[in-house]
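Asks: Dumping the structure here so I can ask a few things about it.
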2 protein chains.
Amino acid sequence: MAEDDKKRLTVEIYGQSYRIKGYTSVNHIRTVAGFVDDKMREIAETNPKLDTTRIAVLSAINIADEYFRLKEEYEKLLREKEAAQPGKERKSI
Amino acid sequence: MAEDDKKRLTVEIYGQSYRIKGYTSVNHIRTVAGFVDDKMREIAETNPKLDTTRIAVLSAINIADEYFRLKEEYEKLLREKEAAQPGKERKSI
């Protein structure tokens, strides 16, 4: 895909602007940015003394934790599906 | 689960220490922290002028992007599995 196919969008996260680009839709970028913004506000509310860098790192840890849990569920489901339909092509992420 | 069941671990992310607690294994916490640390270093390498807060926020965006893509794949797989085995219990995340 050419560089020109990239979508560009400025989003606001925790009071700062970020220029995001990616091959996905503008809606997807907005969803992702909103998710990070919510997570940062949630962590800041629970830990009012944290500086912005630590809030952002803890948000990243939090999201990565959810990612790895989902990955485990995904792989479990994939194994179940393969066991139910043996011989089908394996799909990997 | 009681508060005492929580695992506690100090991890180093991008040169700073974070005291992480959670109900998952120490190995899981290490994997998650290592993933965030790698992501921050990768972003810092590509964008050497960014400050640590922006590096952390962009890492969070990046990980959230992967999370939402995986979520889509997971839901697709779940629909396929349900279509192949109608009447089975629905599993949600």
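To be explicit about the labels: the chains of the structure tokens are called A, B, and onward in the order shown, and within each one the residues are counted from 1, while ligands get numbers from 1 in the order they are shown.
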Could you list, as a ChimeraX atom specification, every residue within 7 Å of Lys6 (chain B), counting only C-alpha atoms and ignoring same-chain residues fewer than 4 positions away?

Replies: /B:21-23

Asks: Next, dump the selected residues to file, keeping only all heavy atoms, as a compact mmCIF listing (two decimals), in the first residue's frame.

Replies:
# COMPACT_ATOMS: atom_id res chain seq x y z
N LYS B 21 0.81 -4.52 40.46
CA LYS B 21 0.13 -5.61 41.17
C LYS B 21 -1.05 -6.10 40.34
O LYS B 21 -1.66 -5.35 39.58
CB LYS B 21 -0.31 -5.20 42.58
CG LYS B 21 -1.19 -3.98 42.66
CD LYS B 21 -1.47 -3.62 44.11
CE LYS B 21 -2.32 -2.35 44.15
NZ LYS B 21 -2.45 -1.80 45.48
N GLY B 22 -1.31 -7.37 40.49
CA GLY B 22 -2.42 -7.94 39.72
C GLY B 22 -2.65 -9.37 40.15
O GLY B 22 -1.85 -9.93 40.90
N TYR B 23 -3.76 -9.95 39.70
CA TYR B 23 -4.10 -11.30 40.10
C TYR B 23 -3.45 -12.36 39.21
O TYR B 23 -3.55 -13.54 39.48
CB TYR B 23 -5.63 -11.48 40.09
CG TYR B 23 -6.31 -10.68 41.17
CD1 TYR B 23 -7.25 -9.72 40.86
CD2 TYR B 23 -6.00 -10.90 42.50
CE1 TYR B 23 -7.88 -8.99 41.85
CE2 TYR B 23 -6.60 -10.17 43.50
CZ TYR B 23 -7.55 -9.22 43.17
OH TYR B 23 -8.16 -8.51 44.17

Asks: Per residue of chain B within 6 Å of chain A, note the shortest atom pair and the distance in Å to one decimal, counting only C-alpha atoms, and order the rows by chain and increasing residue number, as a tab-separated table.

Replies:
residue	atom	partner	partner_atom	distance
B:Val32	CA	A:Asp65	CA	5.9
B:Thr53	CA	A:Thr53	CA	4.4
B:Ala56	CA	A:Val57	CA	5.4
B:Val57	CA	A:Ala56	CA	5.4
B:Ala60	CA	A:Ala60	CA	4.2
B:Ala64	CA	A:Val32	CA	5.9
B:Asp65	CA	A:Val32	CA	5.9
B:Tyr67	CA	A:Tyr67	CA	5.1
B:Tyr74	CA	A:Tyr74	CA	5.6

Asks: Report as number ranges by chain: the residues of chain A with a DSSP assignment of strand (DSSP E), based on the backbone of this structure.

Replies: A: 7-13, 16-22

Asks: Write the residues of the selection above to a file with all heavy atoms, as an mmCIF file, in the first residue's frame.

Replies:
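Printed below is result.cif as written:
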data_model
loop_
_atom_site.group_PDB
_atom_site.id
_atom_site.type_symbol
_atom_site.label_atom_id
_atom_site.label_comp_id
_atom_site.auth_asym_id
_atom_site.auth_seq_id
_atom_site.Cartn_x
_atom_site.Cartn_y
_atom_site.Cartn_z
ATOM 1 N N LYS A 7 -4.481 7.162 6.277
ATOM 2 C CA LYS A 7 -5.407 8.156 6.826
ATOM 3 C C LYS A 7 -4.645 8.963 7.872
ATOM 4 O O LYS A 7 -3.850 8.417 8.623
ATOM 5 C CB LYS A 7 -6.588 7.449 7.509
ATOM 6 C CG LYS A 7 -7.288 6.409 6.664
ATOM 7 C CD LYS A 7 -8.238 7.049 5.675
ATOM 8 C CE LYS A 7 -9.033 5.984 4.942
ATOM 9 N NZ LYS A 7 -8.221 5.047 4.147
ATOM 10 N N ARG A 8 -4.898 10.261 7.907
ATOM 11 C CA ARG A 8 -4.256 11.112 8.907
ATOM 12 C C ARG A 8 -5.317 11.805 9.745
ATOM 13 O O ARG A 8 -6.323 12.263 9.202
ATOM 14 C CB ARG A 8 -3.380 12.175 8.238
ATOM 15 C CG ARG A 8 -2.052 11.635 7.798
ATOM 16 C CD ARG A 8 -1.336 12.612 6.897
ATOM 17 N NE ARG A 8 -0.097 12.020 6.393
ATOM 18 C CZ ARG A 8 -0.044 11.104 5.436
ATOM 19 N NH1 ARG A 8 -1.150 10.682 4.867
ATOM 20 N NH2 ARG A 8 1.113 10.608 5.054
ATOM 21 N N LEU A 9 -5.101 11.873 11.034
ATOM 22 C CA LEU A 9 -6.097 12.457 11.917
ATOM 23 C C LEU A 9 -5.401 13.036 13.151
ATOM 24 O O LEU A 9 -4.464 12.447 13.666
ATOM 25 C CB LEU A 9 -7.068 11.346 12.354
ATOM 26 C CG LEU A 9 -8.321 11.775 13.118
ATOM 27 C CD1 LEU A 9 -9.282 12.512 12.202
ATOM 28 C CD2 LEU A 9 -9.013 10.538 13.699
ATOM 29 N N THR A 10 -5.854 14.229 13.585
ATOM 30 C CA THR A 10 -5.328 14.772 14.832
ATOM 31 C C THR A 10 -6.311 14.437 15.937
ATOM 32 O O THR A 10 -7.500 14.739 15.832
ATOM 33 C CB THR A 10 -5.139 16.295 14.726
ATOM 34 O OG1 THR A 10 -4.227 16.555 13.653
ATOM 35 C CG2 THR A 10 -4.547 16.873 16.004
ATOM 36 N N VAL A 11 -5.810 13.772 16.968
ATOM 37 C CA VAL A 11 -6.677 13.412 18.097
ATOM 38 C C VAL A 11 -6.138 14.061 19.359
ATOM 39 O O VAL A 11 -4.956 14.394 19.454
ATOM 40 C CB VAL A 11 -6.756 11.876 18.289
ATOM 41 C CG1 VAL A 11 -7.477 11.203 17.134
ATOM 42 C CG2 VAL A 11 -5.373 11.277 18.493
ATOM 43 N N GLU A 12 -7.037 14.254 20.325
ATOM 44 C CA GLU A 12 -6.652 14.856 21.599
ATOM 45 C C GLU A 12 -6.622 13.735 22.642
ATOM 46 O O GLU A 12 -7.612 13.025 22.823
ATOM 47 C CB GLU A 12 -7.689 15.918 21.962
ATOM 48 C CG GLU A 12 -7.391 16.704 23.211
ATOM 49 C CD GLU A 12 -6.917 18.141 22.892
ATOM 50 O OE1 GLU A 12 -6.639 18.445 21.713
ATOM 51 O OE2 GLU A 12 -6.846 18.932 23.822
ATOM 52 N N ILE A 13 -5.479 13.567 23.287
ATOM 53 C CA ILE A 13 -5.397 12.551 24.337
ATOM 54 C C ILE A 13 -4.824 13.196 25.587
ATOM 55 O O ILE A 13 -3.712 13.731 25.556
ATOM 56 C CB ILE A 13 -4.531 11.348 23.905
ATOM 57 C CG1 ILE A 13 -5.206 10.634 22.728
ATOM 58 C CG2 ILE A 13 -4.338 10.364 25.065
ATOM 59 C CD1 ILE A 13 -4.393 9.522 22.135
ATOM 60 N N GLN A 16 -3.383 16.653 25.157
ATOM 61 C CA GLN A 16 -2.347 16.927 24.148
ATOM 62 C C GLN A 16 -2.805 16.419 22.780
ATOM 63 O O GLN A 16 -3.542 15.438 22.704
ATOM 64 C CB GLN A 16 -1.044 16.212 24.528
ATOM 65 C CG GLN A 16 -0.253 16.959 25.602
ATOM 66 C CD GLN A 16 1.216 16.540 25.608
ATOM 67 O OE1 GLN A 16 1.519 15.363 25.615
ATOM 68 N NE2 GLN A 16 2.125 17.520 25.601
ATOM 69 N N SER A 17 -2.351 17.115 21.731
ATOM 70 C CA SER A 17 -2.729 16.707 20.380
ATOM 71 C C SER A 17 -1.723 15.724 19.801
ATOM 72 O O SER A 17 -0.514 15.895 19.961
ATOM 73 C CB SER A 17 -2.787 17.929 19.465
ATOM 74 O OG SER A 17 -3.849 18.746 19.860
ATOM 75 N N TYR A 18 -2.242 14.724 19.131
ATOM 76 C CA TYR A 18 -1.391 13.739 18.464
ATOM 77 C C TYR A 18 -1.862 13.599 17.024
ATOM 78 O O TYR A 18 -3.053 13.442 16.773
ATOM 79 C CB TYR A 18 -1.464 12.378 19.171
ATOM 80 C CG TYR A 18 -0.835 12.410 20.536
ATOM 81 C CD1 TYR A 18 -1.552 12.874 21.635
ATOM 82 C CD2 TYR A 18 0.485 12.027 20.717
ATOM 83 C CE1 TYR A 18 -0.970 12.946 22.891
ATOM 84 C CE2 TYR A 18 1.071 12.097 21.964
ATOM 85 C CZ TYR A 18 0.353 12.553 23.048
ATOM 86 O OH TYR A 18 0.935 12.630 24.280
ATOM 87 N N ARG A 19 -0.905 13.651 16.099
ATOM 88 C CA ARG A 19 -1.213 13.451 14.695
ATOM 89 C C ARG A 19 -0.988 11.968 14.398
ATOM 90 O O ARG A 19 0.148 11.481 14.439
ATOM 91 C CB ARG A 19 -0.264 14.329 13.862
ATOM 92 C CG ARG A 19 -0.558 14.333 12.388
ATOM 93 C CD ARG A 19 -1.297 15.595 11.997
ATOM 94 N NE ARG A 19 -1.682 15.581 10.579
ATOM 95 C CZ ARG A 19 -2.924 15.594 10.177
ATOM 96 N NH1 ARG A 19 -3.918 15.634 11.028
ATOM 97 N NH2 ARG A 19 -3.199 15.608 8.890
ATOM 98 N N ILE A 20 -2.078 11.278 14.157
ATOM 99 C CA ILE A 20 -1.996 9.826 13.974
ATOM 100 C C ILE A 20 -2.181 9.486 12.507
ATOM 101 O O ILE A 20 -3.040 10.054 11.829
ATOM 102 C CB ILE A 20 -3.111 9.118 14.785
ATOM 103 C CG1 ILE A 20 -3.079 9.534 16.255
ATOM 104 C CG2 ILE A 20 -3.024 7.605 14.653
ATOM 105 C CD1 ILE A 20 -1.894 9.052 17.011
ATOM 106 N N LYS A 21 -1.382 8.555 12.025
ATOM 107 C CA LYS A 21 -1.633 8.058 10.674
ATOM 108 C C LYS A 21 -1.640 6.542 10.665
ATOM 109 O O LYS A 21 -0.972 5.896 11.476
ATOM 110 C CB LYS A 21 -0.623 8.619 9.667
ATOM 111 C CG LYS A 21 0.818 8.355 9.989
ATOM 112 C CD LYS A 21 1.717 9.040 8.978
ATOM 113 C CE LYS A 21 3.184 8.792 9.378
ATOM 114 N NZ LYS A 21 4.107 9.585 8.601
ATOM 115 N N GLY A 22 -2.441 6.012 9.760
ATOM 116 C CA GLY A 22 -2.525 4.555 9.688
ATOM 117 C C GLY A 22 -3.370 4.163 8.503
ATOM 118 O O GLY A 22 -4.006 5.014 7.870
#

Asks: Run DSSP on the backbone and grab whatever in chain B lands in alpha helix (DSSP H); send it over as number ranges by chain.

Replies: B: 26-46, 52-84
